[in-house]
$ cat work_10.txt   # compact mmCIF, C-alpha atoms
# COMPACT_ATOMS: atom_id res chain seq x y z
CA MET Q 1 -27.19 -105.72 -3.09
CA ARG Q 2 -30.78 -105.41 -4.17
CA VAL Q 3 -31.89 -101.77 -4.26
CA ILE Q 4 -35.51 -101.16 -3.24
CA ALA Q 5 -37.46 -98.01 -4.22
CA VAL Q 6 -35.60 -97.23 -7.43
CA ALA Q 7 -38.71 -95.29 -8.50
CA ALA Q 8 -37.77 -92.62 -5.94
CA LEU Q 9 -34.39 -92.20 -7.63
CA ARG Q 10 -36.02 -92.01 -11.05
CA ALA Q 11 -38.57 -89.42 -9.86
CA PHE Q 12 -35.77 -87.30 -8.41
CA TRP Q 13 -33.64 -87.29 -11.54
CA GLN Q 14 -36.67 -86.44 -13.66
CA GLN Q 15 -36.96 -83.24 -11.61
CA HIS Q 16 -33.16 -82.79 -11.42
CA PRO Q 17 -31.72 -84.09 -14.72
CA ASP Q 18 -28.13 -83.31 -13.70
CA ALA Q 19 -28.46 -85.95 -10.95
CA GLU Q 20 -29.43 -88.75 -13.36
CA GLN Q 21 -25.96 -90.02 -14.25
CA PRO Q 22 -24.56 -89.83 -10.68
CA LEU Q 23 -27.61 -91.70 -9.35
CA LYS Q 24 -27.43 -94.33 -12.10
CA ALA Q 25 -23.72 -94.79 -11.31
CA TRP Q 26 -24.47 -95.18 -7.58
CA PHE Q 27 -27.28 -97.66 -8.36
CA GLU Q 28 -25.02 -99.75 -10.59
CA GLU Q 29 -22.22 -99.80 -8.00
CA ALA Q 30 -24.58 -100.59 -5.13
CA SER Q 31 -26.28 -103.35 -7.15
CA LYS Q 32 -22.92 -105.04 -7.73
CA ALA Q 33 -21.77 -104.64 -4.12
CA SER Q 34 -22.14 -107.24 -1.39
CA TRP Q 35 -21.74 -105.19 1.76
CA THR Q 36 -21.81 -107.22 4.97
CA GLN Q 37 -21.08 -104.39 7.38
CA PRO Q 38 -20.68 -100.59 7.38
CA SER Q 39 -16.92 -100.79 6.88
CA GLY Q 40 -17.54 -102.29 3.43
CA ILE Q 41 -19.53 -99.23 2.45
CA LYS Q 42 -16.88 -96.87 3.87
CA ALA Q 43 -14.18 -98.72 1.92
CA GLN Q 44 -16.08 -98.05 -1.31
CA TYR Q 45 -17.49 -94.61 -0.41
CA ARG Q 46 -15.17 -92.72 1.91
CA SER Q 47 -17.57 -89.76 2.11
CA ALA Q 48 -20.55 -91.90 3.14
CA SER Q 49 -21.88 -91.20 6.62
CA ILE Q 50 -22.77 -94.24 8.70
CA LEU Q 51 -25.69 -93.53 11.03
CA LYS Q 52 -27.44 -95.62 13.67
CA ASN Q 53 -30.26 -98.02 12.72
CA ARG Q 54 -28.30 -99.29 9.69
CA ARG Q 55 -28.75 -95.95 7.94
CA VAL Q 56 -26.20 -94.58 5.50
CA VAL Q 57 -26.03 -91.16 3.83
CA PHE Q 58 -24.36 -90.93 0.43
CA ASN Q 59 -23.21 -87.70 -1.19
CA ILE Q 60 -24.46 -87.54 -4.76
CA LYS Q 61 -23.21 -85.21 -7.47
CA GLY Q 62 -20.38 -83.66 -5.50
CA ASN Q 63 -22.49 -83.39 -2.33
CA ASP Q 64 -25.16 -81.29 -4.08
CA ASP Q 65 -27.66 -84.06 -3.37
CA ARG Q 66 -28.03 -86.55 -0.53
CA LEU Q 67 -29.26 -90.14 -0.58
CA VAL Q 68 -30.35 -91.81 2.66
CA VAL Q 69 -30.70 -95.59 2.67
CA ALA Q 70 -31.28 -98.34 5.20
CA VAL Q 71 -29.14 -101.44 4.68
CA ALA Q 72 -30.21 -104.98 5.56
CA TYR Q 73 -26.77 -106.55 5.45
CA ARG Q 74 -27.83 -110.18 5.93
CA LEU Q 75 -30.59 -109.91 3.33
CA GLN Q 76 -28.33 -107.92 0.98
CA ILE Q 77 -30.99 -105.24 0.46
CA VAL Q 78 -30.65 -101.45 0.33
CA TYR Q 79 -33.86 -99.50 0.96
CA VAL Q 80 -33.97 -95.95 -0.41
CA LYS Q 81 -35.44 -93.77 2.35
CA PHE Q 82 -34.76 -90.29 0.96
CA ILE Q 83 -33.24 -88.57 -2.04
CA GLY Q 84 -33.08 -84.81 -2.19
CA THR Q 85 -30.99 -81.73 -2.54
CA HIS Q 86 -28.59 -80.85 0.24
CA GLN Q 87 -31.02 -78.12 1.31
CA GLN Q 88 -33.92 -80.62 1.47
CA TYR Q 89 -31.70 -83.02 3.41
CA ASP Q 90 -30.98 -80.35 6.00
CA ALA Q 91 -34.73 -80.18 6.71
CA ILE Q 92 -35.18 -83.90 7.52
CA ASP Q 93 -34.02 -86.32 10.19
CA ALA Q 94 -31.92 -88.91 8.37
CA HIS Q 95 -32.24 -91.30 11.33
CA THR Q 96 -36.02 -91.60 11.04
CA ILE Q 97 -37.09 -90.50 7.52
CA GLU Q 98 -39.15 -93.05 5.64
CA SER Q 99 -39.68 -93.11 1.90
CA SER Q 100 -42.96 -91.64 0.80
$ encode --input "work_10.txt" --output "structure tokens"
Amino acid sequence: MRVIAVAALRAFWQQHPDAEQPLKAWFEEASKASWTQPSGIKAQYRSASILKNRRVVFNIKGNDDRLVVAVAYRLQIVYVKFIGTHQQYDAIDAHTIESS
């Protein structure tokens, strides 16, 4: 998978250094993956939440942080839509949030 908006991940871990290694690990795993449907993501990440509109929520750093992505399965692209603390995540709508 090609991950788009890596700068958002980098900006987040610069503010939250303890999230750097978990996000880098997720990025490396996602980059090597070739998901063709949501079940492929669930097989690799049991705690991932599959939403409508090809959205997926990943728990990062023991669920302290949340990562919302949109997946274009045929194009093999993952678009980062949101990365934030669990508290910040609770204040957004994961179905419609767009990266800033």
$ closest_atom_pairs --input "work_10.txt" --of "range 32-91 of chain Q" --to "range 13-22 of chain Q" --cutoff "8 Å" --atoms "all atoms listed in the file" --output "CSV"
residue,atom,partner,partner_atom,distance
Q:Ile60,CA,Q:Pro22,CA,6.3
Q:Lys61,CA,Q:Pro22,CA,5.8
Q:Asp65,CA,Q:Ala19,CA,7.9
$ residues_around --input "work_10.txt" --residues "Val56 in chain Q" --least-positions-apart "4" --cutoff "7 Å" --atoms "all atoms listed in the file" --output "list of chain:residue names"
Q:Ala48, Q:Ser49, Q:Ile50, Q:Leu51, Q:Val68, Q:Val69, Q:Ala70
$ residues_around --input "work_10.txt" --residues "Val57 in chain Q" --least-positions-apart "5" --cutoff "12 Å" --atoms "only C-alpha atoms" --output "JSON, numbers by chain"
{"Q": [38, 41, 42, 45, 46, 47, 48, 49, 50, 51, 52, 63, 65, 66, 67, 68, 69, 70, 71, 78, 79, 80, 81, 82, 83, 84, 86, 89, 93, 94, 95, 97]}
$ atom_distance --input "work_10.txt" --atom1 "CA of Arg2 in chain Q" --atom2 "CA of Thr36 in chain Q"
12.9 Å
$ atom_distance --input "work_10.txt" --atom1 "CA of Ser34 in chain Q" --atom2 "CA of Gln76 in chain Q"
6.7 Å
$ atom_distance --input "work_10.txt" --atom1 "CA of Val3 in chain Q" --atom2 "CA of Ile77 in chain Q"
5.9 Å
$ closest_residue --input "work_10.txt" --among "Q:Ala11, Q:Ala91, Q:Val6, Q:Met1" --to "Ala33 in chain Q" --atoms "only C-alpha atoms"
Q:Met1
$ closest_residue --input "work_10.txt" --among "Q:Asp90, Q:Ala72, Q:Leu23, Q:Arg10" --to "Arg55 in chain Q" --atoms "all atoms listed in the file"
Q:Ala72
$ closest_residue --input "work_10.txt" --among "Q:Ser39, Q:Lys24, Q:Thr96, Q:Glu29" --to "Phe12 in chain Q" --atoms "all atoms listed in the file"
Q:Lys24
$ build_atoms --input "work_10.txt" --residues "range 67-91 of chain Q" --atoms "N, CA, C and O atoms" --output "PDB file, in the coordinates of the input"
ATOM      1  N   LEU Q  67     -28.480 -88.905  -0.488  1.00  0.00           N
ATOM      2  CA  LEU Q  67     -29.260 -90.140  -0.580  1.00  0.00           C
ATOM      3  C   LEU Q  67     -29.157 -90.852   0.762  1.00  0.00           C
ATOM      4  O   LEU Q  67     -28.062 -91.137   1.240  1.00  0.00           O
ATOM      5  N   VAL Q  68     -30.309 -91.094   1.388  1.00  0.00           N
ATOM      6  CA  VAL Q  68     -30.350 -91.810   2.660  1.00  0.00           C
ATOM      7  C   VAL Q  68     -30.935 -93.189   2.395  1.00  0.00           C
ATOM      8  O   VAL Q  68     -32.007 -93.313   1.784  1.00  0.00           O
ATOM      9  N   VAL Q  69     -30.224 -94.219   2.848  1.00  0.00           N
ATOM     10  CA  VAL Q  69     -30.700 -95.590   2.670  1.00  0.00           C
ATOM     11  C   VAL Q  69     -30.627 -96.324   4.001  1.00  0.00           C
ATOM     12  O   VAL Q  69     -29.905 -95.924   4.906  1.00  0.00           O
ATOM     13  N   ALA Q  70     -31.393 -97.396   4.090  1.00  0.00           N
ATOM     14  CA  ALA Q  70     -31.280 -98.340   5.200  1.00  0.00           C
ATOM     15  C   ALA Q  70     -30.749 -99.633   4.577  1.00  0.00           C
ATOM     16  O   ALA Q  70     -31.206-100.045   3.510  1.00  0.00           O
ATOM     17  N   VAL Q  71     -29.783-100.255   5.238  1.00  0.00           N
ATOM     18  CA  VAL Q  71     -29.140-101.440   4.680  1.00  0.00           C
ATOM     19  C   VAL Q  71     -29.460-102.658   5.546  1.00  0.00           C
ATOM     20  O   VAL Q  71     -29.245-102.643   6.755  1.00  0.00           O
ATOM     21  N   ALA Q  72     -30.004-103.689   4.903  1.00  0.00           N
ATOM     22  CA  ALA Q  72     -30.210-104.980   5.560  1.00  0.00           C
ATOM     23  C   ALA Q  72     -29.067-105.871   5.091  1.00  0.00           C
ATOM     24  O   ALA Q  72     -29.141-106.483   4.020  1.00  0.00           O
ATOM     25  N   TYR Q  73     -27.995-105.883   5.878  1.00  0.00           N
ATOM     26  CA  TYR Q  73     -26.770-106.550   5.450  1.00  0.00           C
ATOM     27  C   TYR Q  73     -26.966-108.039   5.205  1.00  0.00           C
ATOM     28  O   TYR Q  73     -26.500-108.567   4.195  1.00  0.00           O
ATOM     29  N   ARG Q  74     -27.649-108.729   6.107  1.00  0.00           N
ATOM     30  CA  ARG Q  74     -27.830-110.180   5.930  1.00  0.00           C
ATOM     31  C   ARG Q  74     -28.703-110.512   4.731  1.00  0.00           C
ATOM     32  O   ARG Q  74     -28.480-111.506   4.048  1.00  0.00           O
ATOM     33  N   LEU Q  75     -29.702-109.675   4.470  1.00  0.00           N
ATOM     34  CA  LEU Q  75     -30.590-109.910   3.330  1.00  0.00           C
ATOM     35  C   LEU Q  75     -30.013-109.359   2.021  1.00  0.00           C
ATOM     36  O   LEU Q  75     -30.555-109.628   0.948  1.00  0.00           O
ATOM     37  N   GLN Q  76     -28.949-108.538   2.147  1.00  0.00           N
ATOM     38  CA  GLN Q  76     -28.330-107.920   0.980  1.00  0.00           C
ATOM     39  C   GLN Q  76     -29.309-107.001   0.237  1.00  0.00           C
ATOM     40  O   GLN Q  76     -29.441-107.032  -0.991  1.00  0.00           O
ATOM     41  N   ILE Q  77     -30.014-106.165   1.026  1.00  0.00           N
ATOM     42  CA  ILE Q  77     -30.990-105.240   0.460  1.00  0.00           C
ATOM     43  C   ILE Q  77     -30.674-103.823   0.940  1.00  0.00           C
ATOM     44  O   ILE Q  77     -30.357-103.611   2.110  1.00  0.00           O
ATOM     45  N   VAL Q  78     -30.785-102.866   0.022  1.00  0.00           N
ATOM     46  CA  VAL Q  78     -30.650-101.450   0.330  1.00  0.00           C
ATOM     47  C   VAL Q  78     -32.005-100.807   0.060  1.00  0.00           C
ATOM     48  O   VAL Q  78     -32.534-100.906  -1.043  1.00  0.00           O
ATOM     49  N   TYR Q  79     -32.556-100.168   1.086  1.00  0.00           N
ATOM     50  CA  TYR Q  79     -33.860 -99.500   0.960  1.00  0.00           C
ATOM     51  C   TYR Q  79     -33.637 -97.996   0.851  1.00  0.00           C
ATOM     52  O   TYR Q  79     -33.077 -97.389   1.753  1.00  0.00           O
ATOM     53  N   VAL Q  80     -34.076 -97.396  -0.247  1.00  0.00           N
ATOM     54  CA  VAL Q  80     -33.970 -95.950  -0.410  1.00  0.00           C
ATOM     55  C   VAL Q  80     -35.013 -95.310   0.504  1.00  0.00           C
ATOM     56  O   VAL Q  80     -36.205 -95.594   0.401  1.00  0.00           O
ATOM     57  N   LYS Q  81     -34.545 -94.454   1.403  1.00  0.00           N
ATOM     58  CA  LYS Q  81     -35.440 -93.770   2.350  1.00  0.00           C
ATOM     59  C   LYS Q  81     -35.655 -92.321   1.972  1.00  0.00           C
ATOM     60  O   LYS Q  81     -36.697 -91.752   2.270  1.00  0.00           O
ATOM     61  N   PHE Q  82     -34.654 -91.704   1.326  1.00  0.00           N
ATOM     62  CA  PHE Q  82     -34.760 -90.290   0.960  1.00  0.00           C
ATOM     63  C   PHE Q  82     -33.737 -89.979  -0.122  1.00  0.00           C
ATOM     64  O   PHE Q  82     -32.611 -90.450  -0.074  1.00  0.00           O
ATOM     65  N   ILE Q  83     -34.161 -89.161  -1.082  1.00  0.00           N
ATOM     66  CA  ILE Q  83     -33.240 -88.570  -2.040  1.00  0.00           C
ATOM     67  C   ILE Q  83     -33.683 -87.127  -2.198  1.00  0.00           C
ATOM     68  O   ILE Q  83     -34.866 -86.850  -2.366  1.00  0.00           O
ATOM     69  N   GLY Q  84     -32.734 -86.215  -2.071  1.00  0.00           N
ATOM     70  CA  GLY Q  84     -33.080 -84.810  -2.190  1.00  0.00           C
ATOM     71  C   GLY Q  84     -31.848 -83.951  -2.299  1.00  0.00           C
ATOM     72  O   GLY Q  84     -30.717 -84.435  -2.215  1.00  0.00           O
ATOM     73  N   THR Q  85     -32.087 -82.672  -2.488  1.00  0.00           N
ATOM     74  CA  THR Q  85     -30.990 -81.730  -2.540  1.00  0.00           C
ATOM     75  C   THR Q  85     -30.393 -81.608  -1.135  1.00  0.00           C
ATOM     76  O   THR Q  85     -31.005 -82.025  -0.145  1.00  0.00           O
ATOM     77  N   HIS Q  86     -29.218 -81.038  -1.073  1.00  0.00           N
ATOM     78  CA  HIS Q  86     -28.590 -80.850   0.240  1.00  0.00           C
ATOM     79  C   HIS Q  86     -29.488 -79.986   1.126  1.00  0.00           C
ATOM     80  O   HIS Q  86     -29.637 -80.256   2.316  1.00  0.00           O
ATOM     81  N   GLN Q  87     -30.115 -78.987   0.549  1.00  0.00           N
ATOM     82  CA  GLN Q  87     -31.020 -78.120   1.310  1.00  0.00           C
ATOM     83  C   GLN Q  87     -32.218 -78.906   1.837  1.00  0.00           C
ATOM     84  O   GLN Q  87     -32.607 -78.749   2.997  1.00  0.00           O
ATOM     85  N   GLN Q  88     -32.804 -79.780   1.012  1.00  0.00           N
ATOM     86  CA  GLN Q  88     -33.920 -80.620   1.470  1.00  0.00           C
ATOM     87  C   GLN Q  88     -33.459 -81.582   2.559  1.00  0.00           C
ATOM     88  O   GLN Q  88     -34.182 -81.821   3.525  1.00  0.00           O
ATOM     89  N   TYR Q  89     -32.257 -82.110   2.410  1.00  0.00           N
ATOM     90  CA  TYR Q  89     -31.700 -83.020   3.410  1.00  0.00           C
ATOM     91  C   TYR Q  89     -31.559 -82.339   4.762  1.00  0.00           C
ATOM     92  O   TYR Q  89     -31.851 -82.930   5.801  1.00  0.00           O
ATOM     93  N   ASP Q  90     -31.149 -81.084   4.750  1.00  0.00           N
ATOM     94  CA  ASP Q  90     -30.980 -80.350   6.000  1.00  0.00           C
ATOM     95  C   ASP Q  90     -32.286 -80.192   6.766  1.00  0.00           C
ATOM     96  O   ASP Q  90     -32.274 -79.957   7.977  1.00  0.00           O
ATOM     97  N   ALA Q  91     -33.426 -80.354   6.083  1.00  0.00           N
ATOM     98  CA  ALA Q  91     -34.730 -80.180   6.710  1.00  0.00           C
ATOM     99  C   ALA Q  91     -35.329 -81.480   7.244  1.00  0.00           C
ATOM    100  O   ALA Q  91     -36.412 -81.472   7.829  1.00  0.00           O
TER     101      ALA Q  91
END
